[in-house]
Every structure is written in C-alpha cells, then in structure tokens.
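The structure file model02.txt is reproduced below (compact mmCIF, C-alpha atoms and all ligand atoms).
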```txt
# COMPACT_ATOMS: atom_id res chain seq x y z
CA MET A 1 -20.32 28.01 13.13
CA GLN A 2 -18.95 26.94 16.54
CA GLN A 3 -22.14 24.95 17.21
CA LEU A 4 -22.07 23.47 13.70
CA SER A 5 -18.48 22.36 14.24
CA GLN A 6 -19.49 20.54 17.45
CA ASP A 7 -22.49 19.00 15.68
CA ILE A 8 -20.25 17.74 12.86
CA LYS A 9 -18.04 15.96 15.40
CA GLN A 10 -21.06 14.41 17.10
CA TRP A 11 -22.58 13.30 13.77
CA GLY A 12 -19.19 11.90 12.77
CA ARG A 13 -19.11 9.73 15.91
CA GLU A 14 -22.69 8.59 15.25
CA LEU A 15 -21.63 7.57 11.75
CA GLY A 16 -18.82 5.39 13.11
CA PHE A 17 -15.82 7.71 12.80
CA GLN A 18 -13.59 7.72 15.86
CA GLN A 19 -12.54 11.33 15.40
CA ILE A 20 -13.19 14.38 13.26
CA GLY A 21 -10.93 17.41 12.96
CA ILE A 22 -11.21 20.61 10.93
CA THR A 23 -8.43 22.60 9.32
CA ASP A 24 -7.91 25.47 6.90
CA THR A 25 -6.34 24.86 3.49
CA ASP A 26 -2.86 26.28 4.07
CA LEU A 27 -0.59 23.28 3.48
CA SER A 28 2.44 25.37 2.50
CA ARG A 29 4.46 23.81 5.33
CA TYR A 30 4.12 20.42 3.65
CA GLU A 31 4.28 21.45 0.02
CA LYS A 32 8.05 21.68 -0.30
CA ARG A 33 8.61 18.35 1.43
CA PHE A 34 6.16 16.71 -0.96
CA LEU A 35 7.69 18.30 -4.06
CA ASP A 36 11.21 17.35 -2.91
CA TRP A 37 10.05 13.75 -2.40
CA LEU A 38 8.68 13.70 -5.95
CA ALA A 39 11.80 15.36 -7.37
CA LEU A 40 13.96 12.63 -5.82
CA GLY A 41 11.77 10.02 -7.52
CA LEU A 42 10.97 8.35 -4.20
CA HIS A 43 7.38 7.74 -5.33
CA GLY A 44 8.63 5.24 -7.90
CA LYS A 45 6.13 4.45 -10.64
CA MET A 46 3.17 6.05 -8.85
CA GLU A 47 2.78 8.58 -11.64
CA TYR A 48 -0.60 9.63 -10.26
CA MET A 49 1.35 11.31 -7.46
CA GLU A 50 2.82 13.73 -10.00
CA LYS A 51 -0.45 14.39 -11.77
CA HIS A 52 -2.38 17.51 -10.80
CA GLY A 53 0.88 19.24 -9.78
CA ILE A 54 0.46 21.44 -6.73
CA LYS A 55 -3.30 20.93 -6.62
CA ARG A 56 -2.47 18.26 -4.06
CA SER A 57 -1.06 20.80 -1.61
CA ARG A 58 -3.43 23.63 -2.59
CA PRO A 59 -6.96 22.32 -2.00
CA ALA A 60 -8.71 25.39 -3.42
CA GLU A 61 -6.95 24.82 -6.74
CA LEU A 62 -8.34 21.29 -6.85
CA ILE A 63 -11.88 22.26 -5.75
CA PRO A 64 -12.44 26.01 -6.18
CA GLY A 65 -14.12 27.62 -3.20
CA THR A 66 -12.67 25.21 -0.62
CA ILE A 67 -11.71 27.03 2.56
CA ARG A 68 -11.85 24.24 5.16
CA ILE A 69 -11.23 20.52 5.24
CA ILE A 70 -13.00 18.12 7.55
CA SER A 71 -10.65 15.22 8.26
CA ALA A 72 -12.06 11.96 9.61
CA ARG A 73 -10.45 8.81 10.94
CA MET A 74 -11.86 5.32 11.37
CA ASP A 75 -10.18 2.38 13.12
CA TYR A 76 -9.76 -0.72 10.95
CA LEU A 77 -7.77 -3.29 12.96
CA PRO A 78 -9.87 -6.42 13.40
CA PRO A 79 -9.50 -8.42 16.63
CA ASN A 80 -7.61 -11.74 16.79
CA THR A 81 -5.72 -11.56 13.53
CA ASP A 82 -2.63 -13.49 14.66
CA ILE A 83 -0.27 -10.98 13.13
CA GLU A 84 3.03 -12.40 14.40
CA LYS A 85 1.98 -16.03 13.92
CA VAL A 86 1.21 -15.53 10.22
CA LEU A 87 4.36 -13.49 9.60
CA GLN A 88 6.49 -16.17 11.22
CA THR A 89 5.00 -19.07 9.27
CA PRO A 90 6.75 -19.04 5.88
CA GLY A 91 4.22 -21.39 4.21
CA LYS A 92 1.43 -18.88 4.90
CA GLY A 93 0.81 -15.59 3.13
CA TYR A 94 0.62 -12.34 5.09
CA ILE A 95 -1.97 -9.83 3.93
CA SER A 96 -1.90 -6.32 5.33
CA ARG A 97 -4.48 -6.13 8.10
CA TYR A 98 -6.41 -3.33 6.44
CA ALA A 99 -7.17 -5.52 3.44
CA LEU A 100 -8.62 -8.58 5.18
CA GLY A 101 -12.24 -7.47 4.95
CA ARG A 102 -14.29 -5.45 2.48
CA ASP A 103 -12.69 -2.67 0.46
CA TYR A 104 -12.64 0.34 2.79
CA HIS A 105 -12.96 2.96 0.05
CA ARG A 106 -16.67 2.39 -0.46
CA LEU A 107 -17.59 2.35 3.21
CA MET A 108 -15.52 5.43 4.01
CA ARG A 109 -16.87 7.40 1.06
CA LYS A 110 -20.48 6.50 1.89
CA ARG A 111 -20.09 7.59 5.51
CA LEU A 112 -18.35 10.81 4.51
CA GLU A 113 -21.11 11.48 2.02
CA LYS A 114 -23.72 10.97 4.77
CA LEU A 115 -21.85 13.37 7.04
CA ALA A 116 -21.64 15.95 4.25
CA GLN A 117 -25.36 15.57 3.56
CA LYS A 118 -26.20 16.11 7.23
CA ILE A 119 -24.18 19.33 7.18
CA HIS A 120 -25.86 20.38 3.98
CA ALA A 121 -29.32 19.64 5.42
CA ALA A 122 -28.52 21.63 8.58
CA ILE A 123 -27.37 24.83 6.92
CA GLY A 124 -28.70 24.73 3.39
CA GLU A 125 -26.55 25.77 0.43
CA SER A 126 -22.92 24.70 0.74
CA GLY A 127 -20.39 23.19 -1.61
CA TYR A 128 -18.52 20.06 -0.67
CA ARG A 129 -16.59 17.10 -2.07
CA VAL A 130 -15.67 13.91 -0.24
CA PHE A 131 -12.43 11.97 -0.67
CA CYS A 132 -10.94 8.76 0.58
CA ASP A 133 -7.65 7.83 -0.99
CA SER A 134 -9.24 8.76 -4.29
CA ALA A 135 -7.88 12.09 -5.45
CA PRO A 136 -4.80 14.28 -5.18
CA VAL A 137 -5.22 15.02 -1.49
CA LEU A 138 -2.39 15.28 1.08
CA GLU A 139 -4.39 13.31 3.59
CA LYS A 140 -1.80 12.83 6.32
CA PRO A 141 -0.68 16.48 6.45
CA ILE A 142 -4.35 17.49 6.44
CA ALA A 143 -5.08 15.14 9.34
CA GLU A 144 -2.04 16.43 11.26
CA LYS A 145 -3.20 20.01 10.76
CA ALA A 146 -6.72 19.03 11.81
CA GLY A 147 -5.33 17.71 15.11
CA LEU A 148 -5.91 13.98 14.51
CA GLY A 149 -2.31 12.96 15.19
CA TRP A 150 1.26 13.47 14.06
CA ILE A 151 3.08 12.02 11.08
CA GLY A 152 5.46 9.45 12.56
CA LYS A 153 8.96 8.60 11.39
CA HIS A 154 7.41 5.81 9.28
CA THR A 155 5.28 8.54 7.62
CA ASN A 156 1.93 7.18 8.84
CA LEU A 157 -0.33 9.25 11.06
CA ILE A 158 -0.21 8.35 14.78
CA ASN A 159 -2.82 9.29 17.34
CA SER A 160 -1.61 9.30 20.95
CA LYS A 161 -4.78 7.53 22.14
CA ALA A 162 -5.41 5.22 19.19
CA GLY A 163 -2.11 4.33 17.47
CA SER A 164 -2.05 4.22 13.67
CA TRP A 165 -4.36 1.42 12.49
CA PHE A 166 -6.99 3.69 10.99
CA PHE A 167 -8.20 5.02 7.64
CA LEU A 168 -8.46 8.68 6.77
CA GLY A 169 -11.03 10.50 4.69
CA GLU A 170 -11.76 14.14 3.92
CA ILE A 171 -14.57 16.53 3.11
CA TYR A 172 -13.54 19.69 1.28
CA THR A 173 -16.02 22.45 2.12
CA ASP A 174 -16.68 26.13 1.49
CA LEU A 175 -18.04 26.66 5.02
CA PRO A 176 -16.01 28.97 7.31
CA LEU A 177 -15.89 26.45 10.17
CA PRO A 178 -13.54 27.14 13.11
CA ALA A 179 -10.27 25.25 12.60
CA ASP A 180 -9.05 22.84 15.29
CA GLU A 181 -5.69 23.07 17.00
CA PRO A 182 -3.07 21.43 14.74
CA ILE A 183 -0.57 18.92 16.07
CA THR A 184 2.78 20.55 15.55
CA LYS A 185 5.06 18.20 17.42
CA SER A 186 6.06 14.61 16.74
CA HIS A 187 5.96 12.33 19.77
CA CYS A 188 8.32 9.78 18.23
CA GLY A 189 11.15 11.13 20.39
CA SER A 190 14.35 9.07 20.14
CA CYS A 191 12.51 5.92 19.01
CA THR A 192 13.70 4.38 15.74
CA ALA A 193 11.89 1.04 15.96
CA CYS A 194 10.12 1.39 12.60
CA ILE A 195 13.31 2.41 10.80
CA ASP A 196 15.20 -0.52 12.33
CA ILE A 197 12.55 -3.16 11.65
CA CYS A 198 11.69 -2.26 8.05
CA PRO A 199 12.61 -5.39 6.05
CA THR A 200 13.72 -3.42 2.98
CA GLN A 201 15.16 -0.29 4.64
CA ALA A 202 12.48 1.73 2.90
CA ILE A 203 12.44 4.36 5.66
CA ILE A 204 15.62 6.07 4.55
CA GLY A 205 15.58 8.56 7.41
CA PRO A 206 13.12 9.87 9.97
CA TYR A 207 9.92 10.94 8.18
CA GLN A 208 11.32 9.91 4.79
CA LEU A 209 9.99 6.97 2.87
CA ASN A 210 11.53 5.60 -0.29
CA ALA A 211 8.31 4.09 -1.64
CA GLN A 212 10.29 2.23 -4.30
CA ARG A 213 11.64 -0.05 -1.55
CA CYS A 214 8.45 -0.31 0.50
CA ILE A 215 6.77 -3.74 0.37
CA SER A 216 3.34 -2.11 0.20
CA TYR A 217 4.42 -0.38 -2.99
CA LEU A 218 6.16 -3.46 -4.41
CA THR A 219 3.22 -5.81 -3.84
CA ILE A 220 0.31 -3.42 -4.53
CA GLU A 221 1.31 -0.38 -6.58
CA LEU A 222 4.04 -1.82 -8.79
CA ARG A 223 2.64 -3.68 -11.80
CA GLU A 224 6.00 -4.80 -13.13
CA SER A 225 8.83 -7.07 -12.17
CA ILE A 226 9.85 -6.79 -8.51
CA PRO A 227 13.55 -5.84 -8.29
CA LEU A 228 15.64 -8.97 -7.74
CA GLU A 229 17.56 -7.64 -4.75
CA LEU A 230 14.33 -6.85 -2.87
CA ARG A 231 12.55 -10.18 -3.43
CA PRO A 232 14.28 -12.12 -0.64
CA LEU A 233 13.46 -9.30 1.81
CA ILE A 234 9.72 -9.50 1.16
CA GLY A 235 9.39 -12.80 3.04
CA ASN A 236 5.82 -14.07 3.01
CA ARG A 237 4.13 -10.66 2.63
CA ILE A 238 1.89 -11.08 -0.40
CA TYR A 239 -0.24 -7.94 -0.14
CA GLY A 240 1.16 -4.95 1.70
CA CYS A 241 3.26 -4.83 4.86
CA ASP A 242 2.52 -3.74 8.41
CA ASP A 243 5.89 -4.19 10.12
CA CYS A 244 6.50 -0.52 10.86
CA GLN A 245 3.06 -0.25 12.47
CA ILE A 246 3.33 -3.55 14.34
CA VAL A 247 6.53 -2.42 16.06
CA CYS A 248 5.35 1.12 16.85
CA PRO A 249 4.93 1.50 20.63
CA TRP A 250 1.97 3.84 20.16
CA ASN A 251 -0.06 0.97 18.77
CA LYS A 252 -0.47 -0.43 22.25
CA PHE A 253 -3.24 2.18 22.41
CA ALA A 254 -4.89 0.99 19.20
CA LYS A 255 -8.54 0.02 19.40
CA HIS A 256 -10.19 -2.76 17.42
CA THR A 257 -12.60 -1.79 14.71
CA ARG A 258 -16.33 -1.84 15.31
CA GLU A 259 -17.05 -2.24 11.61
CA GLN A 260 -18.08 -5.74 10.58
CA ASP A 261 -17.01 -4.86 7.03
CA PHE A 262 -13.38 -4.74 8.16
CA TYR A 263 -13.53 -8.13 9.84
CA PRO A 264 -11.39 -10.71 8.03
CA ARG A 265 -12.62 -13.13 5.46
CA GLN A 266 -11.50 -16.42 6.94
CA HIS A 267 -9.75 -17.61 3.76
CA LEU A 268 -7.49 -14.51 3.80
CA LEU A 269 -6.54 -14.47 7.48
CA ALA A 270 -3.77 -17.09 7.54
CA PRO A 271 -3.88 -18.64 4.08
CA GLU A 272 -1.59 -21.36 2.75
CA LEU A 273 0.53 -19.98 -0.10
CA ILE A 274 0.14 -23.12 -2.18
CA GLU A 275 -3.64 -22.94 -1.91
CA LEU A 276 -3.69 -19.26 -2.93
CA PHE A 277 -1.32 -19.96 -5.81
CA SER A 278 -3.67 -22.61 -7.20
CA TRP A 279 -6.60 -20.18 -7.65
CA THR A 280 -7.65 -19.69 -11.24
CA GLU A 281 -8.39 -16.16 -12.35
CA ASP A 282 -12.12 -16.81 -11.88
CA GLU A 283 -11.53 -18.09 -8.36
CA PHE A 284 -9.35 -15.08 -7.60
CA LEU A 285 -12.08 -12.71 -8.80
CA GLN A 286 -14.74 -14.56 -6.87
CA LYS A 287 -12.80 -14.89 -3.60
CA THR A 288 -11.66 -11.27 -3.63
CA GLU A 289 -14.97 -9.77 -4.67
CA GLY A 290 -15.55 -6.53 -2.76
CA SER A 291 -11.99 -6.65 -1.39
CA ALA A 292 -9.19 -4.15 -2.08
CA ILE A 293 -7.00 -7.08 -3.10
CA ARG A 294 -8.94 -7.48 -6.34
CA ARG A 295 -7.45 -4.22 -7.59
CA ILE A 296 -4.01 -5.76 -8.20
CA GLY A 297 -5.40 -8.44 -10.53
CA HIS A 298 -4.62 -12.15 -10.78
CA GLU A 299 -1.27 -11.63 -12.53
CA CYS A 300 0.29 -9.53 -9.74
CA TRP A 301 -1.35 -11.81 -7.17
CA LEU A 302 0.53 -14.78 -8.67
CA ARG A 303 3.71 -12.69 -8.95
CA ASN A 304 3.55 -11.86 -5.22
CA ILE A 305 2.81 -15.42 -4.14
CA ALA A 306 5.62 -16.78 -6.32
CA VAL A 307 8.04 -14.49 -4.46
CA ALA A 308 6.73 -15.69 -1.09
CA LEU A 309 7.01 -19.34 -2.19
CA GLY A 310 10.59 -18.66 -3.29
CA ASN A 311 11.30 -17.26 0.18
CA ALA A 312 9.77 -20.27 1.99
CA PRO A 313 11.79 -23.36 2.90
CA TYR A 314 12.01 -26.10 0.26
CA SER A 315 9.01 -28.37 -0.07
CA ALA A 316 8.12 -30.76 -2.89
CA ALA A 317 4.56 -29.37 -2.84
CA ALA A 318 5.80 -25.81 -3.36
CA VAL A 319 8.05 -26.86 -6.24
CA HIS A 320 5.15 -28.76 -7.82
CA ALA A 321 2.82 -25.75 -7.46
CA LEU A 322 5.41 -23.46 -9.05
CA ARG A 323 6.10 -25.86 -11.93
CA GLU A 324 2.37 -25.92 -12.68
CA ARG A 325 2.64 -22.18 -13.44
CA LEU A 326 5.74 -22.38 -15.65
CA HIS A 327 3.61 -22.01 -18.78
CA HIS A 328 1.37 -19.26 -17.50
CA PRO A 329 0.53 -16.84 -20.35
CA SER A 330 2.01 -13.90 -18.43
CA ALA A 331 5.76 -13.35 -18.85
CA LEU A 332 5.71 -11.51 -15.52
CA VAL A 333 4.34 -14.56 -13.72
CA ARG A 334 6.73 -16.96 -15.51
CA GLU A 335 9.74 -14.85 -14.60
CA HIS A 336 8.86 -14.79 -10.91
CA VAL A 337 8.06 -18.51 -10.94
CA LEU A 338 11.49 -19.25 -12.42
CA TRP A 339 13.11 -17.08 -9.77
CA ALA A 340 11.22 -18.89 -7.02
CA LEU A 341 12.17 -22.34 -8.37
CA ASP A 342 15.77 -21.22 -8.55
CA GLN A 343 15.59 -20.13 -4.90
CA LEU A 344 14.12 -23.44 -3.78
CA CYS A 345 16.17 -25.80 -5.92
CA ARG A 346 19.62 -24.24 -5.94
S1 LIG B 1 5.26 -0.93 5.20
FE1 LIG B 1 6.93 -2.43 5.52
S2 LIG B 1 8.35 -2.09 3.86
FE2 LIG B 1 7.00 -0.28 3.96
S3 LIG B 1 8.09 1.16 5.29
FE3 LIG B 1 6.73 -0.02 6.63
S4 LIG B 1 8.02 -1.73 7.34
FE4 LIG B 1 9.03 -0.84 5.58
S1 LIG B 2 8.06 3.16 15.73
FE1 LIG B 2 8.88 4.82 16.97
S2 LIG B 2 9.85 6.21 15.48
FE2 LIG B 2 8.50 4.84 14.34
S3 LIG B 2 6.60 5.95 14.15
FE3 LIG B 2 6.41 4.67 15.99
S4 LIG B 2 7.12 5.98 17.68
FE4 LIG B 2 7.75 6.95 15.78
```

Structure rendered as structure tokens:
Amino acid sequence: MQQLSQDIKQWGRELGFQQIGITDTDLSRYEKRFLDWLALGLHGKMEYMEKHGIKRSRPAELIPGTIRIISARMDYLPPNTDIEKVLQTPGKGYISRYALGRDYHRLMRKRLEKLAQKIHAAIGESGYRVFCDSAPVLEKPIAEKAGLGWIGKHTNLINSKAGSWFFLGEIYTDLPLPADEPITKSHCGSCTACIDICPTQAIIGPYQLNAQRCISYLTIELRESIPLELRPLIGNRIYGCDDCQIVCPWNKFAKHTREQDFYPRQHLLAPELIELFSWTEDEFLQKTEGSAIRRIGHECWLRNIAVALGNAPYSAAAVHALRERLHHPSALVREHVLWALDQLCR
C-alpha cells in the first residue's frame, strides 16, 4: 500500500493536482465545532448544511465501507486579474477570482474520477466515490488532516508553500492506504489581517465565520433579499468576495493556475456594472454558459448588480439603467433597484 500511496500522488500530479494527501475517517475533532456552528445558526439559509446530520463528519456513514479519504488540491488563481484595480473602481463589478473561468466542479470531478479509475485499474476491486463541493463532506478538515494545509482564521485552508487560492476535492475509498501526517498547528500566529479587513465583519472571531454576514453567502447562496444594513458594505462585489484571501500574507506564496479552464472570460474580468445590468436573461444565460455564475440565475444577478450600482457614486447613466428595471417582473429585483435609486438620488 506504501507504493500505491506514492503512485497515487504521482498520478495526481500528472492529472494537474498540485498536491494529494491521504487521511483516515476520524473527524471527531471537528464534529463538535461543526455542530456548534450549525446550532448557532451561523450557516444562515444554507439548509443543505444541516441535511444528512452527522454523515458530514462521519464519512463511513455517508458511504459505507469508507476507511480512507484522498484529498486533492488544485490552484485556480489566474494571472493578471487586476484584483485591487477592479475592487477600487466602483463602476466595475468584482467577481470572485475562482469564478472568472469555467465552472470548476466539472473539471475537478473529472480529474478525480480519472485518478480513482487509475487506482482501480492498478489494484482491481475497490469501492470509491469522488466529491467536489457536491455532497455533505467536511472538505477543509479532511484536507487539514491529510496534511494539505491548516484552516486559517478566515476558515479557508492555507498551504505554507501555496497560499489559499485553490480548490479541494476528495475520493472516499475502502483501501487501507497509509495516512499522511496531519497538520495540527495553525501558522496564523498573531496575525488578524483577514478579521480586520472583512467588509462585513463576518469573521466573528479567529476560525469562526458567520456565513450570514459573508459577502460570498449574500451574493451566491442567499436567494432572498439582502439585509439592508449589509448592502452598503458589499461595495462593488457582485459575485463572491476575496478580501480575506487577498490580505492574507501566506498568499505571497500562491502560484498561478496552469488550467486554461480557470483563465478569465474577458467580459467578466473587469466588467462595467451598467453593461452587466443591461443583459437580458437570454444574454445572461449565454454569457455565463459553463460558468459557476450561472447557478445564481438572472434574478439574483440583477439583485447583486443593483446593490453595487447603489454603492457607486451618482451617475445619470446608472440612474437611467436602474430606472429601466423598475418594472422588472421580480419583486426581489424591483426592491433592490428602488434601494439603489434611493442611495444614488437621496
Ligand atoms: S469572503 Fe469577504 S465577506 Fe466573507 S469572510 Fe472573507 S472578507 Fe469577509
Ligand atoms: S490573514 Fe492572517 S489570520 Fe487571516 S488566515 Fe491569513 S495568516 Fe491567518
């Protein structure tokens, strides 16, 4: 099994993963923290987090027979994405850097599937299941246990040689592979940069995220009205937020992705809010085809852009664009448009 474990890591690199780690299924150390987080309601309306109960922290209850988990990470940060420039230009919309290219779920799952098939071909009968952000899996604790990094105070995984701009995926397996050395210590030290920079104070303490305040949750997960008091804090972030990663000193070690699929579509890199707001639903579906952004739908897309327009300085063009949407069939859109007009015209 020692040789197989080394082969898996080599195959993983050949398939484009930057690192592979292996762990057992004992996540008891993380279970209480996760259940406490749910009990406090910090997951907001992400009801899927509650579903499946403790199957999330007990992998063998989710997939019977699982005794090891292969955890894989893949860098996604594209080069030259002008992060600060876009964030500091209120007329432009900021899209989280992971969502600028093709939807990562498909690519990650395909590669994990290929890796699992190679293992299967090498040793014959074995049971496995691949995951990427798709099932009740505690992916960050699993990655920490598999030695891929530590969970930082912002609650993302950080690798000391590669920062935090990477995706995670898992293979649950019934093979008794040797487990890697877990990372048991945070290297955040006395740093609090992510906590201090967070625009909505969503990091309510070290290693504790109130998802209900997080801009990623508000612009992607939430399908309802964005709380009034948080709207001005969202700025021009129209799909996700990267501030806590941008400020993290460990990201000076981040590497750019080698995957062309994660390279930005030019019309999403530094887009004008007014232009994005003018897209019809058909245009939205066409321009976001194959992108993770499509998942939020045109209605929430307009909702998010209306908030960003309301946070931008006054311009006659912005007011005109907003007025054009005053009779949109969606009450959600109309309400955010009215809010934005009120912000600009008060
Ligand atoms: S993603 Fe943005 S809003 Fe969410 S915790 Fe990080 S800095 Fe705060
Ligand atoms: S910004 Fe500082 S505290 Fe936050 S995750 Fe990075 S190192 Fe840790």

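Counting from atom S4 of ligand LIG 1 (chain B), the distance to CA of Trp250 (chain A) is 15.2 Å.
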
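Coordinates place CA of His267 (chain A) at a distance of 8.4 Å from CA of Lys287 (chain A).
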
Fill in: Surrounding residues as a list in words, ligand LIG 2 (chain B), max 8 Å, only C-alpha atoms and all ligand atoms
Ile151, Gly152, Lys153, His154, Thr155, Asn156, Ile158, Ser186, His187, Cys188, Gly189, Ser190, Cys191, Thr192, Ala193, Cys194, Ile195, Pro206, Cys244, Gln245, Val247, Cys248, Pro249, Trp250 and Asn251 of chain A

Worksheet entry | Within-7 Å residues of ligand LIG 1 (chain B), basis all atoms listed in the file, as a ChimeraX atom specification | /A:154,194,197-203,209,213-216,240-245

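Nearest-residue note for Leu115 (chain A): choosing from A:Ile8, A:Ile54, A:Ala211, A:Ile142, the minimum distance belongs to A:Ile8, counting only C-alpha atoms.
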
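Close contacts of Asp75 (chain A), defined as residues with an atom at most 7 Å away when counting all atoms listed in the file, with chain neighbours fewer than 2 positions off set aside, comprise Gln18, Arg73, Leu77, Trp165, Phe166, Phe167, Lys255, His256 and Thr257 of chain A.
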
Would you pick out the contacts of Thr81 (chain A) at 10 Å or less, using all atoms listed in the file, so that residues sharing its chain but fewer than 4 positions from it are not included, and give the list as a tab-separated table (two decimals) with C-alpha atoms, in the frame of the given file?
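The result, written out as around_4.tsv:
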```tsv
chain	number	residue	atom	x	y	z
A	77	LEU	CA	-7.77	-3.29	12.96
A	85	LYS	CA	1.98	-16.03	13.92
A	86	VAL	CA	1.21	-15.53	10.22
A	97	ARG	CA	-4.48	-6.13	8.10
A	100	LEU	CA	-8.62	-8.58	5.18
A	263	TYR	CA	-13.53	-8.13	9.84
A	264	PRO	CA	-11.39	-10.71	8.03
A	269	LEU	CA	-6.54	-14.47	7.48
A	270	ALA	CA	-3.77	-17.09	7.54
```

Discussion item. Would you compute the distance between CA of Ile204 (chain A) and CA of Asn304 (chain A)? Give it in Å to one decimal.
Written reply: 23.7 Å

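Among A:Leu4, A:Ala312, A:Leu112, A:Ala254, the residue with the shortest atom-to-atom distance to Pro79 (chain A), counting all atoms listed in the file, is A:Ala254.
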